[in-house]
Each structure stands twice: as C-alpha cells, then as structure tokens.
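Comments concern the structure below.
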Number of protein chains: 2
Amino acid sequence: MTDRLLALGHDTVVFDNFSTGHAQFLEEARQSPRLTIIRGDNLDPDALTAAMHGCDFVIHLAANADVRFGSLNPRRDFDQNTIATFHVLEAMRHNNIHQIAFSSTGSVYGEASIFPTPEDAPFPVQTSFYAASKLACEGLLGAYSEAYGFRVFIFRFVSILGERYTHGHVFDFVKSLRADPTVLRVLGNGKQRKSYLYVHDCIDAILLTINKAAGRINIFNLGTDEYCEVTDSIRLITQRMGVAPELQFAGGERGWVGDSPFIFLDCSRVRALGWQPRLTIGEGVLRTVDDLLSHPDLLERCP
Amino acid sequence: MTDRLLALGHDTVVFDNFSTGHAQFLEEARQSPRLTIIRGDNLDPDALTAAMHGCDFVIHLAANADVRFGSLNPRRDFDQNTIATFHVLEAMRHNNIHQIAFSSTGSVYGEASIFPTPEDAPFPVQTSFYAASKLACEGLLGAYSEAYGFRVFIFRFVSILGERYTHGHVFDFVKSLRADPTVLRVLGNGKQRKSYLYVHDCIDAILLTINKAAGRINIFNLGTDEYCEVTDSIRLITQRMGVAPELQFAGGERGWVGDSPFIFLDCSRVRALGWQPRLTIGEGVLRTVDDLLSHPDLLERCP
C-alpha cells in the first residue's frame, strides 16, 4: 500500500510497530522524499496523534491478524484491534481528519447462513475473538461517522495472499514442507472452504473504492468469486514445491476454535464500481509460494 | 432484579458503583441474609474477579446508559460498556463461571430497514456510541461462548420504564414540568416513534428466558408489540400531572446525534417462550410518572 501511495504521488506517513510487517519491505519506499516512517504503537495515543498531524486520510491496516490464537488470550485481539482502533479514531478527531479506510474481515459474518455472503447478510453471531474485535471497530466507525461526519470505508477482506506475506496457511505449509517434505499436519479435516484474494487486487479495490464510492459509510466485501478447499490449496503448494507429503489431518470441521468452515463473500458491490481481481485463488497461491521460496529469510524470521 | 432474585431464593451478590442506580433502592433487599453488596467498579478487574468468587451466573446490567451524550465524549461508552464488559467476561473466565445474561439494546439495529425489527435483521450500521459499545459486547459474548462454552443470553431492550427510574424522557419531562409547568422543551420534532417496556415485564422476560431458552447463544428482543410518538407520551404525562405546557420543539427528526427516529422490535421470539408484557406503553408511562411524583427526592438527586 505504501509503495502504491507513493507511486500515486501522495505524501505518506507510515506508523507501524513492525510486529507483523517487516521494515525491509519499505526499503524501496524509503528512497522517496514523500515518505515518513514512524516506529510507534497504536496503543500509544500520544504518539499516534502526533504522527497523524497534517494528514487528511487514514488507511488503518494495523491489527493482530493471528486469528486462530484468540482463545489462548482474548486480551490480544481486544487490545490490538478494538482499543487500538478506538485510539486511531480519537487521534483522527483530535487532528480534524475525517476520512478513514479500515481493514475489517469477512469473518464478521460468523458462520454465515447465505453464500456467497452479501454485506447486508442477517445480523451475525461472532465466533472468534478476532472477528468480534473487528466488528467492534466497525461499530465505532459508524458512530464516528454519524457523530462527526467521518467518511468511512470498511473493507471486509477474505484472507490475503501474495508478496510480503508473513502469516497464514500458505506460509505455514511452505515453512513446514521446507523443514520436512515427507509429512504435512493440517488443521481440521482439510475440507474447510475458504476464499483468498491477491494482495495487489486487494489494494486496487481499496484505492478504486475510495475514489468511486460516494456514501458517507461505505461497506464492501473484498474477495474473488470463488473459494477453494484447504486440500486444493495443499495440492497446488506441494506440486509447486515438488513434494508429496503424507497428510495428517487434525480432524473436525474447523481448523481452530471459532474458525469458520466456509467463507465465500458476495463481491458484486465492489465489482459494480468496475473492479475485478486479476488473479484467481490458485494463481494467488502459486505467486505466494514462489515469493516465499525466493525469500527463505522471511520464512525463518516469522513465527 | 435483586429483589426478584432474593424472592426466588437465590444467594445474590450485587456489584455496583452506584453511579446510576441508588443504594436506597436496596434498602429492603439489604435485610436478606442471602444478599452481599459490594461497592465496586467494572473497570477494576481485580475487585470484579474477587466479587464473582463462588457465583455461577452473572447478570450484567451495568452500563453507561446516557445514550444521547455519546458524541460529547466517545470514551465514556467505550470504557463503561465495551471495556467494562470485557472485564466482566474475563472475571467470569477466571472464576470458571459460564453463564451470563447481558443487557444489550434495540439501538444496535441502527436505523433499521424492517419494522418490527427481528433479531436476524440485516447487518446493521451503528449510529451511536452507545449502540456501538453494546454491539462490541455482543461480539465478545459470542466469542467467549464459542471459545469457552459460555451460555449467553443477550437481551436487546427497548427503553425501560417503571419504578426506580433514574434517567430517560419521562424523568426529564416530569422534572422539567415540576420546575416550570408552563413550558416543555422537546428534543427533535416530537414525532420520533419509540418503544418502551415496563421494568417488571422486562425482569419477567429475562428470568423466563434464562429458564426456558435452550441454546448456547440466546438472543432476544424485549419490548411490547406497540410504539408511541414522543408527543403521545407527553400527552399522558401532562394529563397525569394536570399541566398544559407550551411545547417547544428543537426540530429535526432525531432527538440527538445518533438517535434512531423509529424503534419497534419484533418480540415474537420471546413471546414464543410464553412471555407477554402485563403493561402497555401508556400504562408504563403513567406508572413511571406516579412513582417519580411520589419520590421527588429522586428527581432532585439525578442529573
């Protein structure tokens, strides 16, 4: 996103604690005189408020994105996502900034009853701390919009694939198979059906929506018009790596507590703005595998 | 609620900072050897955790309930409702308590598109900090239920009327008319359509639902099958008080920022359990007026 904003000619401030992304991803961007990088934490309201000084648009992508460990420590999603987002919104208010794009999640639909799931699906019940924390953020954005006229863009993402990928199933599988190509442990029964989106398609969608959506509160699903089973993804990964591991399934319909066994979003709303993804899920998986294999240092550095 | 629990023979612990309710409301209950009263704050997790020791069910009714001042200070609803509820749930987890009834609000539906509004209405957009904070709590309850098997009862209330009423439109109108019976200032245009429920009917519904609803996550609207305009309510109040004030309307469809001009909940789900309200909205308004007039000290003490 930073690279794209700079390429579009925007003065850009990155505020990041680099707990998920890596500073090395900004090596190229760092050459631009338009970029300011501030190492800081969204749980430090003063630093956050100072960092936003002079900005006119906030793209809030920071979060604890390790969905599956929520039940080990509910405080983490609550702090990193809900409280951090409250601080972001308060910092905007104090800086008189009234526009925000926010990375929510398709998992706010819980175990949806309609597939593909539209933005106005029936009032969902939350199943994970991650999704609950993002839902809380969405609610706050709505209230700030109503109270202070904020223009808000809420994006409910499927899982994102592609370059600079630091966590998620492709990461875990590639890392495991590099260490031991003979065996692969799989959470759940491998039948979980999930949707994925390639990171550049995701950024395209965000930037296009910000330019084209006309509402005060704009809520958009972002995904492809397809889904795949975990075992489909494993087949692509193992073929690309040239390995044939024995698959050991943990069993159960869900990969972890609160995991949704089927995520498939109706993205007709964003498509109606003229956006469409350039890569299929399969192409995105392969692109991610290739990138990880060409950056083994990242595989080693991440959890 | 405390009186009712004691009458049913339950050992009861009240944990309250008495910021909204008054200690004098517990005068009778205080005679019971089954009652323990702890003056404490939900923002003090240690005190909260200690207070719950030995309990097996939590009825969490504490909140900042002054909906209309949210935009003056977003932190208040966030702290008193969202963060406080997180502490309640964590305290339950540490005490191995797995059952909770929670007072949510019909305002989580925002500006609903369906009337009467059912529990599975389309995914709402929040319009007030109060409702956003309650939505965040609902999400947390869902996640705790999924992760730790909590049985949760979420009640989306309309506004509550009746004895021991400390804030809300009947309170404000009676207080204003006692001070000056010639003029009544009304927020909005008086056409706002709202629903109300008598406090004993509300408690009946909560206790009946806890006994009868069989799910792990139980979500119920609580209200009457009717609504009234603010001006209907004013007519009842002024007739009962024998006054004929000039009405001065602030104007606009909404009483305050984030106010929903129409709240009318579909309560067929709770009715199907065998509950029905005993008082109409009109009877509830009159009961509230009578109670306030016979306790002028309360009118003076509250904001």
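The chains in the structure tokens are called A, B, ... from first to last as shown; in each chain the residues are counted from 1, and the ligands are counted from 1 in the order shown.
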
Practice problem: Output as a PyMOL selection string the set of chain B residues within 7 Å of chain A, with distances taken over only C-alpha atoms. | Solution: chain B and resi 71+120-129+132+135-136+139-140+142-143+146-147+257-258

Shell around Arg178 of chain A at 12 Å using only C-alpha atoms, local window under 2 positions removed, as a compact mmCIF listing (two decimals) with N, CA and C atoms, in the first residue's frame:
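New file result09.txt:
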# COMPACT_ATOMS: atom_id res chain seq x y z
N PHE A 171 1.95 -19.79 4.21
CA PHE A 171 3.19 -19.60 4.96
C PHE A 171 3.51 -20.83 5.80
N ASP A 172 2.52 -21.26 6.58
CA ASP A 172 2.74 -22.40 7.49
C ASP A 172 3.09 -23.66 6.71
N PHE A 173 2.37 -23.89 5.62
CA PHE A 173 2.59 -25.12 4.85
C PHE A 173 3.97 -25.10 4.18
N VAL A 174 4.32 -23.98 3.57
CA VAL A 174 5.62 -23.91 2.88
C VAL A 174 6.75 -24.08 3.90
N LYS A 175 6.61 -23.41 5.03
CA LYS A 175 7.65 -23.50 6.06
C LYS A 175 7.80 -24.94 6.56
N SER A 176 6.67 -25.57 6.81
CA SER A 176 6.69 -26.95 7.31
C SER A 176 7.30 -27.90 6.27
N ASP A 180 10.38 -30.40 6.55
CA ASP A 180 10.16 -31.85 6.41
C ASP A 180 9.17 -32.09 5.28
N PRO A 181 9.66 -32.42 4.08
CA PRO A 181 8.77 -32.59 2.93
C PRO A 181 7.98 -33.89 2.94
N THR A 182 8.17 -34.71 3.96
CA THR A 182 7.51 -36.03 3.94
C THR A 182 6.16 -36.03 4.65
N VAL A 183 5.93 -35.07 5.51
CA VAL A 183 4.70 -35.05 6.31
C VAL A 183 4.15 -33.62 6.35
N LEU A 184 2.81 -33.49 6.29
CA LEU A 184 2.20 -32.17 6.48
C LEU A 184 1.01 -32.32 7.44
N ILE A 237 0.32 -26.23 -3.63
CA ILE A 237 1.59 -25.93 -2.94
C ILE A 237 2.58 -27.08 -3.10
N THR A 238 2.09 -28.29 -2.88
CA THR A 238 3.01 -29.43 -2.92
C THR A 238 3.50 -29.68 -4.36
N MET A 241 6.14 -27.17 -5.09
CA MET A 241 7.39 -27.44 -4.36
C MET A 241 8.00 -28.77 -4.77
N GLY A 242 7.24 -29.56 -5.54
CA GLY A 242 7.74 -30.86 -5.96
C GLY A 242 7.88 -31.85 -4.83
N VAL A 243 6.94 -31.80 -3.90
CA VAL A 243 6.97 -32.72 -2.76
C VAL A 243 5.65 -33.49 -2.69
N ALA A 244 5.68 -34.62 -2.00
CA ALA A 244 4.47 -35.44 -1.89
C ALA A 244 4.33 -35.94 -0.45
N PRO A 245 4.02 -35.03 0.45
CA PRO A 245 3.97 -35.40 1.87
C PRO A 245 2.76 -36.28 2.21
N VAL A 289 3.61 -18.92 -2.97
CA VAL A 289 4.62 -19.97 -2.79
C VAL A 289 5.95 -19.54 -3.41
N LEU A 292 7.63 -16.83 -1.34
CA LEU A 292 8.19 -17.35 -0.08
C LEU A 292 9.48 -18.14 -0.35
N LEU A 293 9.45 -18.96 -1.40
CA LEU A 293 10.63 -19.78 -1.70
C LEU A 293 11.83 -18.92 -2.11
N PRO A 296 13.68 -17.10 1.61
CA PRO A 296 13.66 -18.05 2.74
C PRO A 296 13.96 -17.37 4.07
N LEU A 299 10.75 -16.73 5.80
CA LEU A 299 10.18 -17.96 6.38
C LEU A 299 10.81 -18.27 7.73
N GLU A 300 12.10 -17.99 7.82
CA GLU A 300 12.79 -18.31 9.08
C GLU A 300 12.45 -17.31 10.17

Quiz item: If you measure from atom CA of Val88 of chain A to atom CA of Asn64 of chain A, what distance in Å do you get, rounded to one decimal?
Solution: 14.7 Å

Among segment 36-177 of chain A, which ones does DSSP place in alpha helix (DSSP H), written as a short mmCIF file (atom, residue, chain, number, x, y, z; two decimals) with N, CA and C atoms, in the first residue's frame?
data_model
loop_
_atom_site.label_atom_id
_atom_site.label_comp_id
_atom_site.auth_asym_id
_atom_site.auth_seq_id
_atom_site.Cartn_x
_atom_site.Cartn_y
_atom_site.Cartn_z
N PRO A 45 -1.54 6.51 22.42
CA PRO A 45 -2.38 7.52 21.77
C PRO A 45 -1.63 8.81 21.47
N ASP A 46 -0.69 9.19 22.32
CA ASP A 46 0.01 10.46 22.09
C ASP A 46 0.87 10.38 20.84
N ALA A 47 1.61 9.27 20.71
CA ALA A 47 2.45 9.11 19.53
C ALA A 47 1.60 9.03 18.26
N LEU A 48 0.48 8.35 18.38
CA LEU A 48 -0.41 8.20 17.24
C LEU A 48 -0.98 9.56 16.82
N THR A 49 -1.41 10.32 17.79
CA THR A 49 -1.97 11.64 17.50
C THR A 49 -0.91 12.54 16.86
N ALA A 50 0.29 12.49 17.37
CA ALA A 50 1.37 13.30 16.80
C ALA A 50 1.69 12.86 15.36
N ALA A 51 1.69 11.54 15.14
CA ALA A 51 2.05 11.02 13.81
C ALA A 51 1.05 11.45 12.74
N PRO A 74 -7.69 -13.77 24.99
CA PRO A 74 -8.68 -12.84 24.42
C PRO A 74 -8.23 -11.39 24.46
N ARG A 75 -7.33 -11.07 25.36
CA ARG A 75 -6.91 -9.67 25.50
C ARG A 75 -6.19 -9.17 24.26
N ARG A 76 -5.53 -10.06 23.55
CA ARG A 76 -4.70 -9.61 22.44
C ARG A 76 -5.52 -8.98 21.30
N ASP A 77 -6.55 -9.67 20.85
CA ASP A 77 -7.41 -9.09 19.82
C ASP A 77 -8.11 -7.84 20.35
N ALA A 84 -6.98 -0.35 19.94
CA ALA A 84 -6.10 0.37 19.02
C ALA A 84 -6.93 1.19 18.03
N THR A 85 -8.01 0.63 17.53
CA THR A 85 -8.85 1.36 16.56
C THR A 85 -9.55 2.54 17.22
N PHE A 86 -9.96 2.35 18.47
CA PHE A 86 -10.53 3.50 19.20
C PHE A 86 -9.50 4.63 19.26
N HIS A 87 -8.25 4.29 19.55
CA HIS A 87 -7.20 5.31 19.59
C HIS A 87 -6.99 5.96 18.22
N VAL A 88 -7.04 5.16 17.16
CA VAL A 88 -6.89 5.72 15.81
C VAL A 88 -7.99 6.76 15.54
N LEU A 89 -9.23 6.41 15.90
CA LEU A 89 -10.35 7.31 15.64
C LEU A 89 -10.26 8.58 16.49
N GLU A 90 -9.85 8.41 17.74
CA GLU A 90 -9.69 9.60 18.59
C GLU A 90 -8.55 10.48 18.08
N ALA A 91 -7.47 9.87 17.62
CA ALA A 91 -6.36 10.65 17.07
C ALA A 91 -6.80 11.41 15.82
N MET A 92 -7.64 10.80 15.02
CA MET A 92 -8.19 11.48 13.84
C MET A 92 -9.02 12.69 14.27
N ARG A 93 -9.88 12.46 15.25
CA ARG A 93 -10.76 13.54 15.72
C ARG A 93 -9.92 14.71 16.22
N HIS A 94 -8.86 14.40 16.98
CA HIS A 94 -8.04 15.48 17.53
C HIS A 94 -7.27 16.20 16.43
N PHE A 129 -12.57 -14.27 18.57
CA PHE A 129 -12.19 -13.01 19.19
C PHE A 129 -11.72 -12.01 18.14
N TYR A 130 -11.08 -12.54 17.10
CA TYR A 130 -10.61 -11.67 16.02
C TYR A 130 -11.79 -10.96 15.36
N ALA A 131 -12.77 -11.72 14.93
CA ALA A 131 -13.92 -11.12 14.25
C ALA A 131 -14.70 -10.22 15.20
N ALA A 132 -14.84 -10.63 16.46
CA ALA A 132 -15.55 -9.79 17.44
C ALA A 132 -14.84 -8.45 17.57
N SER A 133 -13.51 -8.48 17.57
CA SER A 133 -12.77 -7.23 17.74
C SER A 133 -12.94 -6.34 16.51
N LYS A 134 -13.01 -6.93 15.33
CA LYS A 134 -13.19 -6.14 14.12
C LYS A 134 -14.63 -5.59 14.03
N LEU A 135 -15.58 -6.40 14.46
CA LEU A 135 -16.97 -5.92 14.50
C LEU A 135 -17.08 -4.70 15.40
N ALA A 136 -16.40 -4.76 16.54
CA ALA A 136 -16.41 -3.62 17.46
C ALA A 136 -15.86 -2.37 16.76
N CYS A 137 -14.82 -2.56 15.97
CA CYS A 137 -14.24 -1.43 15.22
C CYS A 137 -15.23 -0.88 14.20
N GLU A 138 -15.89 -1.78 13.49
CA GLU A 138 -16.89 -1.32 12.51
C GLU A 138 -17.96 -0.46 13.20
N GLY A 139 -18.40 -0.91 14.36
CA GLY A 139 -19.41 -0.15 15.10
C GLY A 139 -18.90 1.24 15.46
N LEU A 140 -17.65 1.30 15.92
CA LEU A 140 -17.06 2.60 16.25
C LEU A 140 -17.00 3.49 15.01
N LEU A 141 -16.57 2.95 13.89
CA LEU A 141 -16.51 3.77 12.67
C LEU A 141 -17.88 4.34 12.32
N GLY A 142 -18.91 3.52 12.46
CA GLY A 142 -20.27 4.00 12.18
C GLY A 142 -20.64 5.15 13.11
N ALA A 143 -20.32 5.02 14.40
CA ALA A 143 -20.68 6.06 15.37
C ALA A 143 -19.88 7.35 15.12
N TYR A 144 -18.59 7.22 14.80
CA TYR A 144 -17.79 8.42 14.49
C TYR A 144 -18.32 9.09 13.24
N SER A 145 -18.75 8.29 12.28
CA SER A 145 -19.29 8.88 11.06
C SER A 145 -20.55 9.67 11.36
N GLU A 146 -21.44 9.07 12.15
CA GLU A 146 -22.70 9.74 12.47
C GLU A 146 -22.45 11.00 13.31
N ALA A 147 -21.55 10.89 14.28
CA ALA A 147 -21.35 12.00 15.21
C ALA A 147 -20.54 13.13 14.60
N TYR A 148 -19.51 12.80 13.83
CA TYR A 148 -18.55 13.82 13.39
C TYR A 148 -18.42 13.92 11.88
N HIS A 169 -2.02 -19.77 6.06
CA HIS A 169 -1.85 -21.21 5.80
C HIS A 169 -0.76 -21.51 4.77
N VAL A 170 -0.62 -20.66 3.73
CA VAL A 170 0.42 -20.94 2.74
C VAL A 170 1.81 -20.81 3.39
N PHE A 171 1.95 -19.79 4.21
CA PHE A 171 3.19 -19.60 4.96
C PHE A 171 3.51 -20.83 5.80
N ASP A 172 2.52 -21.26 6.58
CA ASP A 172 2.74 -22.40 7.49
C ASP A 172 3.09 -23.66 6.71
N PHE A 173 2.37 -23.89 5.62
CA PHE A 173 2.59 -25.12 4.85
C PHE A 173 3.97 -25.10 4.18
N VAL A 174 4.32 -23.98 3.57
CA VAL A 174 5.62 -23.91 2.88
C VAL A 174 6.75 -24.08 3.90
N LYS A 175 6.61 -23.41 5.03
CA LYS A 175 7.65 -23.50 6.06
C LYS A 175 7.80 -24.94 6.56
N SER A 176 6.67 -25.57 6.81
CA SER A 176 6.69 -26.95 7.31
C SER A 176 7.30 -27.90 6.27
N LEU A 177 6.91 -27.71 5.02
CA LEU A 177 7.39 -28.62 3.96
C LEU A 177 8.87 -28.40 3.65
#

Practice problem: Once DSSP has gone over the backbone, tell me which residues of segment 18-117 of chain B are in strand (DSSP E or B), as a PyMOL selection string. | Solution: chain B and resi 35-39+58-60+99-105+117

Practice problem: Extract, using only C-alpha atoms, all DNA, RNA and protein residues at most 10 Å from segment 197-199 of chain B, discarding same-chain residues fewer than 2 positions from it, and format them as a PyMOL selection string. | Solution: chain B and resi 1+157-165+195+201-205+222-227+277-285+287-288

Quiz item: Pick from B:Gly149, B:Phe69, B:Asp41, B:Gly188: nearest to Ala250 of chain B, with only C-alpha atoms counted?
Solution: B:Gly188

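A straight line drawn from atom CA of Glu111 of chain A to atom CA of Phe264 of chain B is 27.0 Å long.
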
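Interatomic distance, atom CA of Ala23 of chain B against atom CA of Asp297 of chain B: 13.5 Å.
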